[in-house]
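The structure appears below as C-alpha cells.
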Amino acid sequence: MRRMVPGPLPGFPRLSLTGRFLALQLGLVVVVLAVVAAVSVAQSDAEFRRTEGRRLLSIAETVASLDAVRAGLADVDRRADILQPTAESVRSVSGVSYVVITAADRRILTSADPRLMGEPLPLGDSEVLGGRSWIGTTVSDGSPSLVAHVPVFGEEGRMLGVVAAGREYRGMRERLATATPNLLLYLGLASALGTAGSVLLARRVKRQTLGLEPEEITALVEHREAMLHGIKEGVIGLDPAGRLTLANDTAVELLRLPYDAVGRTLESCGVETRLHDVLTGRVQGRDQIVFTGDRMVTLNRMPLVTRGRTAGSVTTMRDLTELVALQHELDTTRSATDTLRAQAHEFSNQLHVIAGLVELEEYPEVARYVRGISGARALRTAEVVSRVADPALAALLIAKTSLAAEQGTVLRIGRGSGLRPVGESLSSDLVTVVGNLVDNALDAVRGSGPGGWVEVHLAEEASEVRVRVRDSGPGVAPGLAEEVFRYGFTTKAAVPEHASRGLGLAITRLVCTRRGGSVSADGAVFTARLPRNEDERNNGTQA
C-alpha cells in the first residue's frame, strides 16, 4: 500500500524547501541563543556568588571586629546609639544591600527597615550560632539574598551577637542583560547568517535533486517502487562498491537472492561467478545469458554516469526458460521435418530403383530388392525397439538413424543399453537430452568422410537414467569442457545457417539441472544424468 503524502493544513500555504530550511535554521538559532543565555546566566550567578560572597564575608568580619560593635552589644543602654550609626555607615560605604547586627538571640538590633527591628534574623542553613562564619542564600520577605554571617565574640570568648552583610539578587532581566550584553546583536547576526545559509543550502540541494521539492521526490520514489515491483522483468541496481541498491521481487525470484539483499554485496548474497561478472560489467554485451538453477535468464546492464563519474549500474533481466522451451520445440519440429525429408529422399530413390527394375521386367530382382530394403529397415527398427522400450525415445532414435544414414554416418545403440518404459515427464526430458546430444554428435562427424559413427548408450537405475553419447569426431578440448554448455557457444563458423547454434547443449544442461542431474563432456563423450522423481521411482520399482 502506498504511503500518502500529507497535505498542508487548511489556511496555511505549503512551505518550499528554502522556507523549510530557513525556519529550521532560525529555530536552531533561537534554541542555541536561549541555551547560551541560560548558560551565561548560570555562569554569571556562580561568579556573583563567588566574588560577592567573599566581599560580603570581608565586610561582615570587619564590622564584627570593631570595638564599637562589641561595646554596643555589651552595653544594652547605649546599644541603639552605637550600633545603628555604625551599621548604616558601613552599608553606605560598602554599597551592600544591608548590614544587620543582632543580639545573641538573633533579634535584629540594626536595620534600614524599622519594621524589622526586634524580629529574628532568618538564618536558613547558617552555622553562625555554632561560632563559625557562613556564606549562603537566605530568603527574606520572598526575596532571595546572598548573605555572610559572622559571629561577634567578647573578651572572654562569649558570643555577643551576629553581623549579617547581604546583597539582594538581581532580577532576571538585569542578570540576563549582564550575562549577555549583546544578545540582540548576536540574534541579528545569527539570523542573517542562518538566512543566507538556508538559501544557499536550499539552492544546492535543489540543484542536486533536479529542482524537485521533497513531496515531489517522495512521489517519484513511491511511483518507482510501485513500478519496479509491478513489472514482470527483473531489475537490479548496484553502487560503485558492488552493493545492491535495489532489487525488485522478480529479480529476487529469478536470481534466488535473499530477501534482505538490498544493502549487501554480491559476494555476501552468494551470487555465482558468471552472474557476478555480468552484473559488475566484467562480461559485457547485450542479452547476456546466465543459468540460475533451472532457469535461463538474459541480462542487459546499463552503467550510470553522473558528472563524468560512475555512480553504479542498473541491470534488467528476463526469464528465457519458456522462450527457450518454445524454441526447442521449433528445433524439434525442424529436426523431424529434416528426418522426414531424408526418409522421403531415401524412399524416392528406392522407388526409382523399383520402377526401373519393373520397366526392365526384372521381377525376381524387384522382389529381392524390396525384401532387402524392408529387411534392413526392419532390422534397424528391431534393434532400437529391443533395447529401448519407451515409444517416444525409440521413435526419436529410429528417425535419427535415418538422418545419420543420409549424411553417411552410422548411428548405433551401444551394447548393454536398455531402457524400460518411463513416465511422461522423464520421457520428454530424455527425448530432449538424447536428441540434442545426438544432433551435436552428428554435427561433429559431418564431413569427416566415410566411417563416421555415433553411439548412444542408455542405462537405467532405480534412482536415475544415464545417457552416454560418443562419436568418432575430434572431441571437445579439455579447456572447453564447461564452455560448450554455455548459451551461444559454438565451434561452427558464424554463418546464417548456423545462427541458432549454441542452444542445444545449453538446453541439455538446463533440463538435467532442473531434474537435479548433470551433464558433462570428456573429449568426444557426453554423459548426462537424469534422476527420477518420487512417482517415477515408485513406478519403476513396481515394473
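To be explicit about the labels: the chains of the C-alpha cells are called A, B, and onward in the order shown, and within each one the residues are counted from 1, while ligands get numbers from 1 in the order they are shown.
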
Near A:Thr250, within 7 Å and counting only C-alpha atoms, which residues show up once chain neighbours fewer than 2 positions away are dropped, as an mmCIF file with N, CA, C and O atoms, in the first residue's frame?
```
data_model
loop_
_atom_site.group_PDB
_atom_site.id
_atom_site.type_symbol
_atom_site.label_atom_id
_atom_site.label_comp_id
_atom_site.auth_asym_id
_atom_site.auth_seq_id
_atom_site.Cartn_x
_atom_site.Cartn_y
_atom_site.Cartn_z
ATOM 1 N N LYS A 232 7.105 -7.335 -14.724
ATOM 2 C CA LYS A 232 7.482 -8.743 -14.715
ATOM 3 C C LYS A 232 8.982 -8.932 -14.924
ATOM 4 O O LYS A 232 9.521 -9.973 -14.569
ATOM 5 N N GLU A 233 9.645 -7.951 -15.531
ATOM 6 C CA GLU A 233 11.080 -8.059 -15.717
ATOM 7 C C GLU A 233 11.801 -7.767 -14.400
ATOM 8 O O GLU A 233 11.345 -6.970 -13.587
ATOM 9 N N GLY A 234 12.928 -8.426 -14.214
ATOM 10 C CA GLY A 234 13.725 -8.181 -13.025
ATOM 11 C C GLY A 234 14.603 -6.951 -13.194
ATOM 12 O O GLY A 234 15.093 -6.674 -14.294
ATOM 13 N N ASN A 248 13.955 -5.697 -7.372
ATOM 14 C CA ASN A 248 12.523 -5.933 -7.271
ATOM 15 C C ASN A 248 12.235 -7.417 -7.050
ATOM 16 O O ASN A 248 13.135 -8.261 -7.062
ATOM 17 N N VAL A 252 14.684 -10.889 -7.390
ATOM 18 C CA VAL A 252 14.970 -11.744 -6.234
ATOM 19 C C VAL A 252 14.588 -13.189 -6.533
ATOM 20 O O VAL A 252 15.308 -14.132 -6.191
ATOM 21 N N GLU A 253 13.447 -13.364 -7.213
ATOM 22 C CA GLU A 253 12.997 -14.722 -7.527
ATOM 23 C C GLU A 253 13.862 -15.363 -8.613
ATOM 24 O O GLU A 253 14.256 -16.532 -8.488
ATOM 25 N N LEU A 254 14.162 -14.607 -9.673
ATOM 26 C CA LEU A 254 14.925 -15.183 -10.781
ATOM 27 C C LEU A 254 16.345 -15.554 -10.356
ATOM 28 O O LEU A 254 16.849 -16.630 -10.722
#
```

Within 8 Å of stretch 114-126 of chain A, counting only C-alpha atoms, which residues show up once you throw out same-chain ones fewer than 4 positions away? Write them as a count of residues only, please. 15

Measure the distance from atom CA of A:Gly53 to atom CA of A:Tyr169 in Å and round it to one decimal.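 So the two atoms, atom CA of A:Gly53 and atom CA of A:Tyr169, lie 11.8 Å apart.
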
Could you check the closest approach to A:Glu455 for each of A:Val99, A:Ile413, A:Leu442, A:Leu83 and tell me which residue wins, using only C-alpha atoms?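 Among the listed residues, A:Ile413 lies closest to A:Glu455.
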
For atom CA of A:Asp277 and atom CA of A:Val262, the interatomic separation in Å (one decimal):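 Taking atom CA of A:Asp277 as the start and atom CA of A:Val262 as the end point, the length is 18.5 Å.
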
Exercise: stretch 390-394 of chain A partners within 12 Å, only C-alpha atoms, chain neighbours under 2 positions left out, as JSON, numbers by chain: {"A": [380, 381, 382, 383, 384, 385, 386, 387, 388, 396, 397, 398, 399, 400, 401, 413, 418, 419, 420, 421, 422, 423, 424, 425, 426, 427, 428, 429, 430, 431, 432, 433, 434, 435, 456, 458, 467]}

Take the residues from that selection and write them out as a compact mmCIF listing (two decimals), in the first residue's frame, keeping C-alpha atoms.
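Heads up, here's the output in out_21.txt:
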```txt
# COMPACT_ATOMS: atom_id res chain seq x y z
CA ARG A 380 17.31 -51.21 -37.63
CA THR A 381 13.88 -50.71 -36.09
CA ALA A 382 14.01 -54.04 -34.27
CA GLU A 383 17.47 -53.22 -32.87
CA VAL A 384 16.23 -49.98 -31.40
CA VAL A 385 12.90 -51.31 -30.08
CA SER A 386 14.52 -54.35 -28.47
CA ARG A 387 16.71 -52.14 -26.30
CA VAL A 388 14.57 -49.02 -25.84
CA LEU A 396 13.44 -40.46 -31.97
CA LEU A 397 16.38 -42.85 -32.31
CA ILE A 398 14.84 -44.53 -35.39
CA ALA A 399 14.38 -41.14 -37.03
CA LYS A 400 17.93 -40.05 -36.10
CA THR A 401 19.24 -43.33 -37.59
CA ILE A 413 22.87 -48.34 -29.90
CA GLY A 418 18.46 -50.91 -22.07
CA LEU A 419 15.55 -48.75 -21.05
CA ARG A 420 12.13 -49.77 -19.87
CA PRO A 421 9.05 -47.56 -20.29
CA VAL A 422 9.34 -44.41 -18.15
CA GLY A 423 6.98 -41.71 -17.00
CA GLU A 424 5.79 -38.96 -19.31
CA SER A 425 7.95 -36.25 -17.68
CA LEU A 426 11.14 -38.30 -17.77
CA SER A 427 10.38 -39.49 -21.31
CA SER A 428 10.02 -35.89 -22.50
CA ASP A 429 13.32 -34.89 -20.86
CA LEU A 430 15.08 -37.96 -22.30
CA VAL A 431 13.88 -37.08 -25.79
CA THR A 432 15.26 -33.54 -25.33
CA VAL A 433 18.62 -34.64 -23.94
CA VAL A 434 19.23 -37.56 -26.34
CA GLY A 435 18.05 -35.53 -29.35
CA VAL A 456 24.18 -43.96 -27.89
CA LEU A 458 21.35 -45.93 -22.23
CA VAL A 467 22.79 -41.33 -21.22
```

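Between atom CA of A:Asp319 and atom CA of A:Val297 the interatomic distance comes to 4.7 Å.
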
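Distances here use only C-alpha atoms; by that measure, the residue among A:Pro303, A:Pro151, A:Gly242, A:Pro144 closest to A:Cys269 is A:Gly242.
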
Counting only C-alpha atoms, the residue of A:Leu255, A:Ile217, A:Leu66, A:Ala60 that sits nearest A:Ala164: A:Ala60
